[in-house]
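Step one of this worksheet: look at the structure below.
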Amino acid sequence: MNKIQLLSILFFLFHNLLFAQENDTLQSPFSEPRYHYFLKTIILFDEYLDTDNGSINTTQVRVLLPIGNKAWNLRFDLPLVSANTNSINKTAIGDVGMGISYIPYMKNSNGIALRTRVYANTAADPNFGTGKWVIMPAALYGKYIYDKKFLWLSTLEYQTSFAGEDDRNDISVTLFENVLFHFFGKNWIAGDVAFRYNAIIKGFQNNAFVEFGRKITPTNLIYIHPSAGFGANRTYNFGIEMGVLILF
């Protein structure tokens with residue numbers, strides 16, 4: 001009888017612990033549908049960028065896979081790039097990437113995440129990649145504000161090359177980005193400003209975007225994401241991205 005009581009108590013404690021963790025996951029900043037770590041996700045999106053030399057179109061598949069106790073997350077990126085410029089008109093695979101994220105601290109209203117991404121020198125054409133292996137460590141902070149009506153996410157990331165072709169420029173870019181989300185019903189709207197300082201060219205390559213999204217089924221979301229580069233050294237003039245998120 002004592003063993004049965006002990007097992008019942010342990011089961012009760014374990015059940016409540018899981019329930020509490022699930023509630024934290026569902027209400028935490030990193031569990032929002034557009035920016036979360038806790039569900040298996042496939043993101044399919046297409047991005048068009050207008051540049052001074054022509055246009056670049058990227059169709060990308062991104063897969064997010066939570067692992068362990070869901071404080072860890074794996075990410076895989078596969079881009080298909082098309083360029084239409086004065087010197088090239090071609091479609092090919094770009095630089096393939098993967099990453100891992102870890103959440104060392106999380107409460108219902110705020111959290112901290114650490115992320116490292118690596119992009120390989122896999123582009124089938126020199127115009128579709130950096131020609132380098134690039135590592136991108138980052139720290140992210142998320143917080144609900146104004147009675148959880150808005151979600152603020154801030155990212156500080158450093159991008160540096162560590163291998164690759166000798167005749168291509170090294171990579172040394174510092175990114176500071178802030179995005180503000182407002183979720184209402186099945187919809188969301190967001191605004192973002194990202195400052196990028198490129199130490200190689202000693203200039204800023206900044207951009208900003210607005211985003212409109214909607215949950216169309218319990219496991220599918222769509223969004224549209226117009227953006228613009230700004231500053232003398234911007235890498236593009238304007239862009240438009242459209243995508244779908246599939247949760248499973």
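In the structure tokens, the first chain shown is A, the next is B, and so on; residue numbers restart at 1 for each chain, and ligands run from 1 in the order shown.
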Contacts of Phe248 in chain A at 9 Å (only C-alpha atoms; same-chain gap of 3+ positions) as a ChimeraX atom specification: /A:39-42,219
Could those selected residues go to a file with C-alpha atoms, as a compact mmCIF listing (two decimals), in the first residue's frame?
```
# COMPACT_ATOMS: atom_id res chain seq x y z
CA LEU A 39 7.09 22.91 -32.24
CA LYS A 40 8.42 21.08 -35.26
CA THR A 41 8.12 23.60 -38.06
CA ILE A 42 8.62 23.79 -41.81
CA THR A 219 -1.24 24.21 -37.85
```
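Separating CA of Asp170 in chain A from CA of Tyr236 in chain A is a distance of 19.8 Å.
The strand (DSSP E) portion of range 207-240 of chain A consists of Asn207, Ala208, Phe209, Val210, Glu211, Phe212, Gly213, Arg214, Lys215, Ile216, Thr217, Asn220, Leu221, Ile222, Tyr223, Ile224, His225, Pro226, Ser227, Ala228, Gly229, Phe230, Phe238, Gly239 and Ile240 of chain A, with states taken from DSSP on the backbone.
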With N, CA, C and O atoms retained, write the just-selected residues as an mmCIF file, in the first residue's frame.
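Output (part-v5.cif):
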```cif
data_model
loop_
_atom_site.group_PDB
_atom_site.id
_atom_site.type_symbol
_atom_site.label_atom_id
_atom_site.label_comp_id
_atom_site.auth_asym_id
_atom_site.auth_seq_id
_atom_site.Cartn_x
_atom_site.Cartn_y
_atom_site.Cartn_z
ATOM 1 N N ASN A 207 18.456 47.515 -42.800
ATOM 2 C CA ASN A 207 17.166 47.291 -43.446
ATOM 3 C C ASN A 207 16.051 47.338 -42.406
ATOM 4 O O ASN A 207 16.297 47.241 -41.197
ATOM 5 N N ALA A 208 14.832 47.510 -42.888
ATOM 6 C CA ALA A 208 13.651 47.530 -42.031
ATOM 7 C C ALA A 208 12.517 46.826 -42.762
ATOM 8 O O ALA A 208 12.498 46.759 -43.993
ATOM 9 N N PHE A 209 11.575 46.279 -41.985
ATOM 10 C CA PHE A 209 10.429 45.633 -42.619
ATOM 11 C C PHE A 209 9.183 45.816 -41.781
ATOM 12 O O PHE A 209 9.232 46.123 -40.583
ATOM 13 N N VAL A 210 8.046 45.631 -42.422
ATOM 14 C CA VAL A 210 6.768 45.428 -41.745
ATOM 15 C C VAL A 210 6.261 44.057 -42.175
ATOM 16 O O VAL A 210 6.621 43.562 -43.250
ATOM 17 N N GLU A 211 5.452 43.458 -41.336
ATOM 18 C CA GLU A 211 4.978 42.097 -41.633
ATOM 19 C C GLU A 211 3.526 41.965 -41.217
ATOM 20 O O GLU A 211 3.112 42.482 -40.169
ATOM 21 N N PHE A 212 2.769 41.242 -42.054
ATOM 22 C CA PHE A 212 1.369 40.955 -41.767
ATOM 23 C C PHE A 212 1.183 39.443 -41.888
ATOM 24 O O PHE A 212 1.560 38.840 -42.894
ATOM 25 N N GLY A 213 0.601 38.828 -40.856
ATOM 26 C CA GLY A 213 0.433 37.381 -40.871
ATOM 27 C C GLY A 213 -0.915 36.955 -40.334
ATOM 28 O O GLY A 213 -1.602 37.710 -39.640
ATOM 29 N N ARG A 214 -1.277 35.725 -40.674
ATOM 30 C CA ARG A 214 -2.559 35.185 -40.213
ATOM 31 C C ARG A 214 -2.457 33.673 -40.066
ATOM 32 O O ARG A 214 -1.825 32.994 -40.886
ATOM 33 N N LYS A 215 -3.092 33.169 -39.019
ATOM 34 C CA LYS A 215 -3.227 31.735 -38.810
ATOM 35 C C LYS A 215 -4.443 31.258 -39.590
ATOM 36 O O LYS A 215 -5.572 31.659 -39.308
ATOM 37 N N ILE A 216 -4.221 30.394 -40.615
ATOM 38 C CA ILE A 216 -5.334 29.991 -41.486
ATOM 39 C C ILE A 216 -5.925 28.642 -41.083
ATOM 40 O O ILE A 216 -7.066 28.341 -41.426
ATOM 41 N N THR A 217 -5.159 27.807 -40.394
ATOM 42 C CA THR A 217 -5.648 26.555 -39.815
ATOM 43 C C THR A 217 -4.942 26.399 -38.469
ATOM 44 O O THR A 217 -4.014 27.154 -38.166
ATOM 45 N N ASN A 220 -1.261 25.874 -39.653
ATOM 46 C CA ASN A 220 -0.695 26.557 -40.817
ATOM 47 C C ASN A 220 -0.868 28.062 -40.679
ATOM 48 O O ASN A 220 -1.953 28.547 -40.317
ATOM 49 N N LEU A 221 0.204 28.805 -40.985
ATOM 50 C CA LEU A 221 0.192 30.254 -40.918
ATOM 51 C C LEU A 221 0.793 30.804 -42.201
ATOM 52 O O LEU A 221 1.680 30.198 -42.803
ATOM 53 N N ILE A 222 0.323 31.979 -42.620
ATOM 54 C CA ILE A 222 0.873 32.632 -43.796
ATOM 55 C C ILE A 222 1.262 34.062 -43.422
ATOM 56 O O ILE A 222 0.714 34.635 -42.473
ATOM 57 N N TYR A 223 2.203 34.640 -44.175
ATOM 58 C CA TYR A 223 2.600 36.011 -43.902
ATOM 59 C C TYR A 223 3.125 36.672 -45.170
ATOM 60 O O TYR A 223 3.534 36.008 -46.118
ATOM 61 N N ILE A 224 3.117 38.005 -45.152
ATOM 62 C CA ILE A 224 3.723 38.812 -46.203
ATOM 63 C C ILE A 224 4.596 39.861 -45.529
ATOM 64 O O ILE A 224 4.248 40.379 -44.465
ATOM 65 N N HIS A 225 5.729 40.172 -46.152
ATOM 66 C CA HIS A 225 6.820 40.810 -45.422
ATOM 67 C C HIS A 225 7.568 41.773 -46.355
ATOM 68 O O HIS A 225 8.617 41.432 -46.896
ATOM 69 N N PRO A 226 7.015 42.970 -46.628
ATOM 70 C CA PRO A 226 7.756 43.947 -47.429
ATOM 71 C C PRO A 226 8.882 44.580 -46.614
ATOM 72 O O PRO A 226 8.748 44.784 -45.402
ATOM 73 N N SER A 227 10.003 44.879 -47.277
ATOM 74 C CA SER A 227 11.158 45.425 -46.572
ATOM 75 C C SER A 227 11.875 46.430 -47.459
ATOM 76 O O SER A 227 11.630 46.515 -48.665
ATOM 77 N N ALA A 228 12.803 47.167 -46.852
ATOM 78 C CA ALA A 228 13.597 48.145 -47.588
ATOM 79 C C ALA A 228 14.962 48.274 -46.927
ATOM 80 O O ALA A 228 15.075 48.238 -45.697
ATOM 81 N N GLY A 229 15.996 48.385 -47.745
ATOM 82 C CA GLY A 229 17.319 48.688 -47.236
ATOM 83 C C GLY A 229 17.496 50.189 -47.129
ATOM 84 O O GLY A 229 16.873 50.958 -47.868
ATOM 85 N N PHE A 230 18.333 50.624 -46.170
ATOM 86 C CA PHE A 230 18.596 52.058 -46.063
ATOM 87 C C PHE A 230 20.044 52.278 -45.645
ATOM 88 O O PHE A 230 20.674 51.431 -45.039
ATOM 89 N N PHE A 238 14.650 47.509 -52.174
ATOM 90 C CA PHE A 238 13.416 47.069 -51.531
ATOM 91 C C PHE A 238 13.238 45.582 -51.778
ATOM 92 O O PHE A 238 13.854 45.007 -52.686
ATOM 93 N N GLY A 239 12.392 44.972 -50.966
ATOM 94 C CA GLY A 239 12.156 43.538 -51.106
ATOM 95 C C GLY A 239 10.753 43.171 -50.684
ATOM 96 O O GLY A 239 10.052 43.947 -50.029
ATOM 97 N N ILE A 240 10.344 41.977 -51.066
ATOM 98 C CA ILE A 240 9.054 41.445 -50.655
ATOM 99 C C ILE A 240 9.231 39.952 -50.390
ATOM 100 O O ILE A 240 9.837 39.243 -51.197
#
```
Proximity check range 197-248 of chain A to range 142-162 of chain A, 12 Å, nearest pairs one decimal Å, only C-alpha atoms, as a Markdown table:
```
| residue | atom | partner | partner_atom | distance |
| --- | --- | --- | --- | --- |
| A:Tyr197 | CA | A:Tyr158 | CA | 9.7 |
| A:Asn198 | CA | A:Gln159 | CA | 9.4 |
| A:Ala199 | CA | A:Thr160 | CA | 10.1 |
| A:Ile200 | CA | A:Thr160 | CA | 10.5 |
```
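If only C-alpha atoms are the atoms counted, then among A:Pro137, A:Gly129, A:Pro66, A:Gly99 the closest residue to Pro79 in chain A is A:Gly129.
Residue nearest Arg62 in chain A within the list A:Val96, A:Ala120, A:Asp50, A:Phe204: A:Val96 [criterion: smallest interatomic distance, only C-alpha atoms].
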Close residues, Thr116 in chain A itself excluded, 7 Å, only C-alpha atoms, min 2 positions apart in chain, as a PyMOL selection string: chain A and resi 99-101+118+136-138
Hey, can you spit out that residue selection with all heavy atoms as a PDB file, in the first residue's frame?
```
ATOM      1  N   GLY A  99      21.798  25.435 -37.790  1.00  0.00           N
ATOM      2  CA  GLY A  99      22.034  26.139 -36.544  1.00  0.00           C
ATOM      3  C   GLY A  99      21.492  25.374 -35.362  1.00  0.00           C
ATOM      4  O   GLY A  99      20.725  24.415 -35.505  1.00  0.00           O
ATOM      5  N   ILE A 100      21.887  25.809 -34.174  1.00  0.00           N
ATOM      6  CA  ILE A 100      21.388  25.238 -32.939  1.00  0.00           C
ATOM      7  C   ILE A 100      21.114  26.373 -31.965  1.00  0.00           C
ATOM      8  O   ILE A 100      21.866  27.355 -31.907  1.00  0.00           O
ATOM      9  CB  ILE A 100      22.382  24.214 -32.334  1.00  0.00           C
ATOM     10  CG1 ILE A 100      21.754  23.518 -31.122  1.00  0.00           C
ATOM     11  CG2 ILE A 100      23.714  24.865 -32.003  1.00  0.00           C
ATOM     12  CD1 ILE A 100      22.534  22.310 -30.663  1.00  0.00           C
ATOM     13  N   SER A 101      20.004  26.286 -31.247  1.00  0.00           N
ATOM     14  CA  SER A 101      19.611  27.303 -30.282  1.00  0.00           C
ATOM     15  C   SER A 101      19.404  26.662 -28.921  1.00  0.00           C
ATOM     16  O   SER A 101      19.026  25.491 -28.812  1.00  0.00           O
ATOM     17  CB  SER A 101      18.316  27.999 -30.716  1.00  0.00           C
ATOM     18  OG  SER A 101      18.457  28.575 -31.992  1.00  0.00           O
ATOM     19  N   VAL A 118      25.745  28.164 -38.819  1.00  0.00           N
ATOM     20  CA  VAL A 118      26.889  28.011 -39.709  1.00  0.00           C
ATOM     21  C   VAL A 118      26.361  27.871 -41.126  1.00  0.00           C
ATOM     22  O   VAL A 118      25.477  27.043 -41.387  1.00  0.00           O
ATOM     23  CB  VAL A 118      27.750  26.788 -39.342  1.00  0.00           C
ATOM     24  CG1 VAL A 118      28.861  26.596 -40.383  1.00  0.00           C
ATOM     25  CG2 VAL A 118      28.357  26.956 -37.954  1.00  0.00           C
ATOM     26  N   MET A 136      27.782  32.313 -37.116  1.00  0.00           N
ATOM     27  CA  MET A 136      26.988  33.457 -36.655  1.00  0.00           C
ATOM     28  C   MET A 136      26.474  33.215 -35.236  1.00  0.00           C
ATOM     29  O   MET A 136      25.335  32.785 -35.050  1.00  0.00           O
ATOM     30  CB  MET A 136      25.799  33.685 -37.595  1.00  0.00           C
ATOM     31  CG  MET A 136      26.162  33.835 -39.051  1.00  0.00           C
ATOM     32  SD  MET A 136      24.681  34.012 -40.079  1.00  0.00           S
ATOM     33  CE  MET A 136      25.409  34.091 -41.717  1.00  0.00           C
ATOM     34  N   PRO A 137      27.263  33.470 -34.204  1.00  0.00           N
ATOM     35  CA  PRO A 137      26.746  33.378 -32.835  1.00  0.00           C
ATOM     36  C   PRO A 137      25.840  34.562 -32.522  1.00  0.00           C
ATOM     37  O   PRO A 137      26.071  35.680 -33.003  1.00  0.00           O
ATOM     38  CB  PRO A 137      28.018  33.400 -31.981  1.00  0.00           C
ATOM     39  CG  PRO A 137      29.015  34.127 -32.813  1.00  0.00           C
ATOM     40  CD  PRO A 137      28.698  33.799 -34.242  1.00  0.00           C
ATOM     41  N   ALA A 138      24.793  34.322 -31.718  1.00  0.00           N
ATOM     42  CA  ALA A 138      23.829  35.377 -31.426  1.00  0.00           C
ATOM     43  C   ALA A 138      23.221  35.179 -30.047  1.00  0.00           C
ATOM     44  O   ALA A 138      23.136  34.059 -29.532  1.00  0.00           O
ATOM     45  CB  ALA A 138      22.726  35.399 -32.486  1.00  0.00           C
TER      46      ALA A 138
END
```
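Here the DSSP assignment of alpha helix (DSSP H), based on backbone atoms, applies within range 24-228 of chain A to Asp24, Thr25, Leu26 and Gln27 of chain A.
For the pair CA of Leu49 in chain A and CA of Ser172 in chain A, the interatomic distance is 22.1 Å.
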8 Å contact set for range 33-37 of chain A, only C-alpha atoms, chain neighbours under 5 positions out, as a VMD selection string: chain A and resid 64 to 66 70 to 73 221
